[in-house]
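Raw work09.pdb, PDB, C-alpha atoms, pLDDT in the B column:
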ATOM      1  CA  MET A   1     -25.850-146.125 163.339  1.00 45.00           C
ATOM      2  CA  LYS A   2     -23.762-148.985 164.694  1.00 51.00           C
ATOM      3  CA  PHE A   3     -26.906-150.717 165.986  1.00 52.00           C
ATOM      4  CA  LEU A   4     -28.536-150.512 162.560  1.00 53.00           C
ATOM      5  CA  LYS A   5     -25.536-152.080 160.805  1.00 53.00           C
ATOM      6  CA  PHE A   6     -25.137-154.789 163.460  1.00 46.00           C
ATOM      7  CA  THR A   7     -28.782-155.735 163.152  1.00 53.00           C
ATOM      8  CA  LEU A   8     -28.684-155.976 159.378  1.00 53.00           C
ATOM      9  CA  ILE A   9     -25.443-157.952 159.291  1.00 50.00           C
ATOM     10  CA  ASN A  10     -26.806-160.569 161.674  1.00 61.00           C
ATOM     11  CA  ASP A  11     -30.262-160.634 160.069  1.00 72.00           C
ATOM     12  CA  LEU A  12     -31.957-160.089 163.423  1.00 82.00           C
ATOM     13  CA  PRO A  13     -35.423-158.665 162.993  1.00 93.00           C
ATOM     14  CA  VAL A  14     -36.253-155.368 164.650  1.00 95.00           C
ATOM     15  CA  ALA A  15     -39.740-153.909 164.706  1.00 97.00           C
ATOM     16  CA  MET A  16     -40.669-150.393 165.708  1.00 98.00           C
ATOM     17  CA  VAL A  17     -44.070-149.344 166.972  1.00 98.00           C
ATOM     18  CA  MET A  18     -45.103-145.714 167.281  1.00 98.00           C
ATOM     19  CA  PHE A  19     -48.341-144.726 168.949  1.00 98.00           C
ATOM     20  CA  ASP A  20     -49.970-141.644 170.283  1.00 96.00           C
ATOM     21  CA  ILE A  21     -52.941-140.901 172.464  1.00 97.00           C
ATOM     22  CA  ASP A  22     -55.984-139.966 170.416  1.00 96.00           C
ATOM     23  CA  HIS A  23     -57.367-136.458 170.969  1.00 93.00           C
ATOM     24  CA  PHE A  24     -54.863-135.825 173.758  1.00 94.00           C
ATOM     25  CA  LYS A  25     -55.214-132.052 173.468  1.00 93.00           C
ATOM     26  CA  LEU A  26     -58.812-132.387 174.680  1.00 91.00           C
ATOM     27  CA  PHE A  27     -57.603-133.795 178.019  1.00 90.00           C
ATOM     28  CA  ASN A  28     -55.476-130.696 178.574  1.00 91.00           C
ATOM     29  CA  ASP A  29     -58.097-128.268 177.264  1.00 94.00           C
ATOM     30  CA  GLN A  30     -61.134-129.754 179.040  1.00 93.00           C
ATOM     31  CA  TYR A  31     -59.640-131.011 182.293  1.00 92.00           C
ATOM     32  CA  GLY A  32     -56.316-129.196 182.721  1.00 92.00           C
ATOM     33  CA  HIS A  33     -52.667-130.038 182.251  1.00 93.00           C
ATOM     34  CA  GLN A  34     -52.448-132.063 185.461  1.00 93.00           C
ATOM     35  CA  VAL A  35     -55.046-134.478 184.075  1.00 93.00           C
ATOM     36  CA  GLY A  36     -53.143-134.552 180.768  1.00 94.00           C
ATOM     37  CA  ASP A  37     -49.945-135.440 182.620  1.00 95.00           C
ATOM     38  CA  ASN A  38     -51.783-138.163 184.514  1.00 94.00           C
ATOM     39  CA  VAL A  39     -53.133-139.623 181.250  1.00 95.00           C
ATOM     40  CA  LEU A  40     -49.568-139.770 179.870  1.00 96.00           C
ATOM     41  CA  LYS A  41     -48.341-141.545 183.003  1.00 96.00           C
ATOM     42  CA  TYR A  42     -51.324-143.919 182.970  1.00 96.00           C
ATOM     43  CA  VAL A  43     -50.797-144.968 179.336  1.00 97.00           C
ATOM     44  CA  ALA A  44     -47.008-145.267 179.704  1.00 97.00           C
ATOM     45  CA  GLN A  45     -47.325-147.369 182.860  1.00 97.00           C
ATOM     46  CA  LEU A  46     -49.954-149.665 181.345  1.00 98.00           C
ATOM     47  CA  PHE A  47     -47.893-150.300 178.196  1.00 98.00           C
ATOM     48  CA  SER A  48     -44.681-150.727 180.212  1.00 97.00           C
ATOM     49  CA  ASP A  49     -46.285-153.187 182.640  1.00 98.00           C
ATOM     50  CA  GLU A  50     -47.942-155.223 179.878  1.00 98.00           C
ATOM     51  CA  LEU A  51     -44.753-155.411 177.787  1.00 98.00           C
ATOM     52  CA  PHE A  52     -42.914-156.650 180.871  1.00 97.00           C
ATOM     53  CA  GLU A  53     -45.632-159.186 181.775  1.00 96.00           C
ATOM     54  CA  ARG A  54     -45.417-160.649 178.266  1.00 96.00           C
ATOM     55  CA  LYS A  55     -41.619-160.957 178.560  1.00 96.00           C
ATOM     56  CA  THR A  56     -41.173-159.096 175.270  1.00 96.00           C
ATOM     57  CA  ASN A  57     -37.852-157.467 176.186  1.00 92.00           C
ATOM     58  CA  ALA A  58     -39.219-154.503 174.251  1.00 97.00           C
ATOM     59  CA  GLN A  59     -38.251-150.958 175.181  1.00 96.00           C
ATOM     60  CA  LEU A  60     -40.795-148.153 175.512  1.00 98.00           C
ATOM     61  CA  PHE A  61     -39.775-144.531 174.928  1.00 97.00           C
ATOM     62  CA  ARG A  62     -41.723-141.303 175.120  1.00 96.00           C
ATOM     63  CA  VAL A  63     -40.552-139.354 172.096  1.00 94.00           C
ATOM     64  CA  GLY A  64     -42.522-136.170 172.642  1.00 90.00           C
ATOM     65  CA  GLY A  65     -45.907-134.876 173.670  1.00 91.00           C
ATOM     66  CA  GLU A  66     -48.301-137.804 173.629  1.00 95.00           C
ATOM     67  CA  GLU A  67     -46.177-139.900 171.277  1.00 97.00           C
ATOM     68  CA  PHE A  68     -44.426-143.128 172.262  1.00 98.00           C
ATOM     69  CA  THR A  69     -42.133-145.587 170.487  1.00 98.00           C
ATOM     70  CA  ILE A  70     -41.538-149.251 171.269  1.00 98.00           C
ATOM     71  CA  ILE A  71     -38.532-151.143 169.924  1.00 97.00           C
ATOM     72  CA  PHE A  72     -38.933-154.917 169.595  1.00 97.00           C
ATOM     73  CA  ARG A  73     -35.633-156.711 169.033  1.00 93.00           C
ATOM     74  CA  ASN A  74     -35.797-160.187 167.490  1.00 93.00           C
ATOM     75  CA  ARG A  75     -39.428-159.687 166.458  1.00 96.00           C
ATOM     76  CA  THR A  76     -40.962-158.742 163.141  1.00 96.00           C
ATOM     77  CA  SER A  77     -43.788-156.259 162.715  1.00 97.00           C
ATOM     78  CA  ALA A  78     -46.106-159.241 162.189  1.00 97.00           C
ATOM     79  CA  GLU A  79     -45.052-160.575 165.613  1.00 97.00           C
ATOM     80  CA  ALA A  80     -45.098-157.210 167.399  1.00 98.00           C
ATOM     81  CA  ALA A  81     -48.476-156.009 166.076  1.00 97.00           C
ATOM     82  CA  PRO A  82     -50.673-158.559 167.916  1.00 97.00           C
ATOM     83  CA  ILE A  83     -48.831-157.847 171.178  1.00 98.00           C
ATOM     84  CA  VAL A  84     -49.435-154.126 170.848  1.00 98.00           C
ATOM     85  CA  LYS A  85     -53.049-154.657 169.793  1.00 96.00           C
ATOM     86  CA  THR A  86     -53.652-156.799 172.898  1.00 97.00           C
ATOM     87  CA  ILE A  87     -52.191-154.090 175.124  1.00 97.00           C
ATOM     88  CA  ARG A  88     -54.254-151.484 173.326  1.00 96.00           C
ATOM     89  CA  ASP A  89     -57.378-153.621 173.915  1.00 96.00           C
ATOM     90  CA  ILE A  90     -56.593-153.692 177.651  1.00 97.00           C
ATOM     91  CA  LEU A  91     -56.222-149.895 177.605  1.00 97.00           C
ATOM     92  CA  VAL A  92     -59.581-149.415 175.882  1.00 95.00           C
ATOM     93  CA  GLU A  93     -61.391-151.826 178.225  1.00 95.00           C
ATOM     94  CA  LYS A  94     -60.321-149.800 181.252  1.00 95.00           C
ATOM     95  CA  THR A  95     -61.403-146.289 182.081  1.00 93.00           C
ATOM     96  CA  PHE A  96     -59.306-143.421 183.296  1.00 92.00           C
ATOM     97  CA  GLU A  97     -60.691-141.465 186.252  1.00 91.00           C
ATOM     98  CA  VAL A  98     -60.619-137.778 185.363  1.00 88.00           C
ATOM     99  CA  LYS A  99     -62.330-136.808 188.618  1.00 82.00           C
ATOM    100  CA  ASP A 100     -64.540-138.479 191.219  1.00 83.00           C
ATOM    101  CA  ASP A 101     -67.626-138.841 189.043  1.00 86.00           C
ATOM    102  CA  LEU A 102     -66.078-138.865 185.570  1.00 90.00           C
ATOM    103  CA  ASN A 103     -64.282-141.761 183.863  1.00 92.00           C
ATOM    104  CA  VAL A 104     -63.199-141.720 180.221  1.00 91.00           C
ATOM    105  CA  ARG A 105     -61.789-144.249 177.795  1.00 93.00           C
ATOM    106  CA  VAL A 106     -58.386-143.598 176.278  1.00 96.00           C
ATOM    107  CA  THR A 107     -57.563-144.801 172.763  1.00 96.00           C
ATOM    108  CA  VAL A 108     -54.380-144.756 170.724  1.00 97.00           C
ATOM    109  CA  SER A 109     -53.420-144.775 167.062  1.00 97.00           C
ATOM    110  CA  ILE A 110     -50.551-147.094 166.125  1.00 97.00           C
ATOM    111  CA  GLY A 111     -47.985-147.508 163.342  1.00 98.00           C
ATOM    112  CA  VAL A 112     -45.779-150.600 163.014  1.00 98.00           C
ATOM    113  CA  THR A 113     -42.850-151.394 160.711  1.00 98.00           C
ATOM    114  CA  ASP A 114     -39.766-153.580 160.370  1.00 96.00           C
ATOM    115  CA  LEU A 115     -36.196-152.465 159.983  1.00 94.00           C
ATOM    116  CA  LYS A 116     -35.455-153.094 156.309  1.00 93.00           C
ATOM    117  CA  LYS A 117     -32.187-153.859 154.546  1.00 88.00           C
ATOM    118  CA  SER A 118     -32.918-150.893 152.278  1.00 90.00           C
ATOM    119  CA  ASP A 119     -32.899-148.453 155.235  1.00 91.00           C
ATOM    120  CA  GLN A 120     -29.859-146.221 154.842  1.00 89.00           C
ATOM    121  CA  SER A 121     -30.125-144.895 158.391  1.00 89.00           C
ATOM    122  CA  ALA A 122     -32.204-145.111 161.533  1.00 90.00           C
ATOM    123  CA  LYS A 123     -33.963-141.995 160.233  1.00 93.00           C
ATOM    124  CA  ASP A 124     -35.441-144.018 157.320  1.00 94.00           C
ATOM    125  CA  PHE A 125     -36.810-146.554 159.807  1.00 95.00           C
ATOM    126  CA  TYR A 126     -38.238-143.825 162.040  1.00 95.00           C
ATOM    127  CA  LYS A 127     -39.798-141.820 159.194  1.00 97.00           C
ATOM    128  CA  ARG A 128     -41.604-144.926 157.925  1.00 97.00           C
ATOM    129  CA  VAL A 129     -43.149-145.813 161.294  1.00 98.00           C
ATOM    130  CA  ASP A 130     -44.157-142.150 161.711  1.00 97.00           C
ATOM    131  CA  LYS A 131     -45.845-142.277 158.283  1.00 97.00           C
ATOM    132  CA  TYR A 132     -47.758-145.414 159.313  1.00 97.00           C
ATOM    133  CA  LEU A 133     -48.843-143.766 162.565  1.00 97.00           C
ATOM    134  CA  TYR A 134     -50.295-140.863 160.579  1.00 96.00           C
ATOM    135  CA  GLN A 135     -52.065-143.302 158.253  1.00 95.00           C
ATOM    136  CA  ALA A 136     -53.734-144.815 161.318  1.00 95.00           C
ATOM    137  CA  LYS A 137     -54.669-141.394 162.698  1.00 94.00           C
ATOM    138  CA  ASN A 138     -56.081-140.284 159.354  1.00 94.00           C
ATOM    139  CA  ASN A 139     -58.105-143.498 159.097  1.00 90.00           C
ATOM    140  CA  SER A 140     -60.283-142.475 162.073  1.00 86.00           C
ATOM    141  CA  ARG A 141     -58.031-142.722 165.109  1.00 89.00           C
ATOM    142  CA  ASN A 142     -58.126-145.822 167.277  1.00 93.00           C
ATOM    143  CA  SER A 143     -56.538-147.581 164.276  1.00 94.00           C
ATOM    144  CA  MET A 144     -53.365-149.486 163.477  1.00 96.00           C
ATOM    145  CA  SER A 145     -51.209-149.421 160.352  1.00 97.00           C
ATOM    146  CA  VAL A 146     -48.853-152.379 159.990  1.00 97.00           C
ATOM    147  CA  GLU A 147     -46.475-151.906 157.073  1.00 96.00           C
ATOM    148  CA  GLY A 148     -49.028-149.568 155.507  1.00 94.00           C
ATOM    149  CA  ASP A 149     -52.014-151.898 155.942  1.00 94.00           C
ATOM    150  CA  VAL A 150     -54.515-149.892 158.008  1.00 92.00           C
ATOM    151  CA  SER A 151     -57.249-151.413 160.129  1.00 88.00           C
ATOM    152  CA  SER A 152     -59.663-149.847 162.587  1.00 79.00           C
ATOM    153  CA  LEU A 153     -59.544-151.296 166.058  1.00 73.00           C
ATOM    154  CA  SER A 154     -62.883-151.947 167.688  1.00 65.00           C
TER     155      SER A 154
END
Output the file's structure in the form of structure tokens.
Amino acid sequence: MKFLKFTLINDLPVAMVMFDIDHFKLFNDQYGHQVGDNVLKYVAQLFSDELFERKTNAQLFRVGGEEFTIIFRNRTSAEAAPIVKTIRDILVEKTFEVKDDLNVRVTVSIGVTDLKKSDQSAKDFYKRVDKYLYQAKNNSRNSMSVEGDVSSLS
């Protein structure tokens, strides 16, 4: 709560990104939980490395299952979205080796929002980004919703 008030008082922008791995359950069901765990590690490492390489000072968190959150301090959703899309593009260009003769592409659905002065708590901020993530997932997966504006990622 203190962080939220400090941020609003000083008018520092904060953007939150939430993403999850599309059709993650299929990795576990088709290839086993070890492969599912490896997919989680692969995606987390790729995003972490790319955020670091871009000197974003963003923080990546796994919030449960196949869902991740990134906090961008001193960046708006409009500034954070292209960074995340670029990282997502790198993810999609690569393939993940399931076993010796099988590689698959991994995609993610993404929601992005700004901390708003009208947010009464961090929960308001979190619920909004979660809503935008579900908009992206309901759009067709492999999509991004920035402040409720949904676009498919090709």
- Item | Pick from A:Asp29, A:Glu53, A:Asp100, A:Glu66, whichever lies nearest to A:Ile83 using all atoms listed in the file |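 The closest residue to A:Ile83 is A:Glu53.
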- Pull out every residue that the PyMOL selection byres ((chain A and resi 81) around 9) matches in the shown coordinates and put them as a PyMOL selection string. chain A and resi 17+76-80+82-86+111-112+144+146
- Ground truth for the PyMOL selection byres ((chain A and resi 60-63) around 10), written as a ChimeraX atom specification: /A:17-20,40,44-45,47-48,51,57-59,64-72
- Task: Can you work out which one of A:Leu91, A:Ala122, A:Val150, A:Val35 has the shortest atom-to-atom distance to A:Asn138, counting only C-alpha atoms?
- Result: A:Val150
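Counting all atoms listed in the file and comparing A:Val129, A:Leu26, A:Leu46, A:Met16, the residue that lies closest to A:Val104 is A:Leu26.
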- In terms of the shortest atom-to-atom distance over all atoms listed in the file, which of A:Ser145, A:Asp49, A:Lys117, A:Pro13 is closest to A:Asp130? A:Ser145
Got a sec to check which residues sit within 12 Å of (-35.5, -144.5, 156.1), counting only C-alpha atoms, and write them as a compact mmCIF listing (two decimals) with C-alpha atoms, in the coordinates of the input?
# COMPACT_ATOMS: atom_id res chain seq x y z
CA LEU A 4 -28.54 -150.51 162.56
CA THR A 113 -42.85 -151.39 160.71
CA ASP A 114 -39.77 -153.58 160.37
CA LEU A 115 -36.20 -152.46 159.98
CA LYS A 116 -35.46 -153.09 156.31
CA LYS A 117 -32.19 -153.86 154.55
CA SER A 118 -32.92 -150.89 152.28
CA ASP A 119 -32.90 -148.45 155.24
CA GLN A 120 -29.86 -146.22 154.84
CA SER A 121 -30.12 -144.90 158.39
CA ALA A 122 -32.20 -145.11 161.53
CA LYS A 123 -33.96 -142.00 160.23
CA ASP A 124 -35.44 -144.02 157.32
CA PHE A 125 -36.81 -146.55 159.81
CA TYR A 126 -38.24 -143.82 162.04
CA LYS A 127 -39.80 -141.82 159.19
CA ARG A 128 -41.60 -144.93 157.93
CA VAL A 129 -43.15 -145.81 161.29
CA ASP A 130 -44.16 -142.15 161.71
CA LYS A 131 -45.84 -142.28 158.28
- Message: One number please: atom CA of A:Val92 to atom CA of A:Arg73, in Å, one decimal.
- Response: 26.0 Å
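The spacing separating atom CA of A:Lys99 from atom CA of A:Arg141 amounts to 24.6 Å.
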- Counting all atoms listed in the file, the residue among A:Tyr42, A:Tyr31, A:Arg75, A:Asp22 that lies closest to A:Leu102 is A:Tyr31
- Item | Pairwise distance for atom CA of A:Gln34 and atom CA of A:Val106, rounded to one decimal in Å |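 Distance between the two atoms: 15.9 Å.
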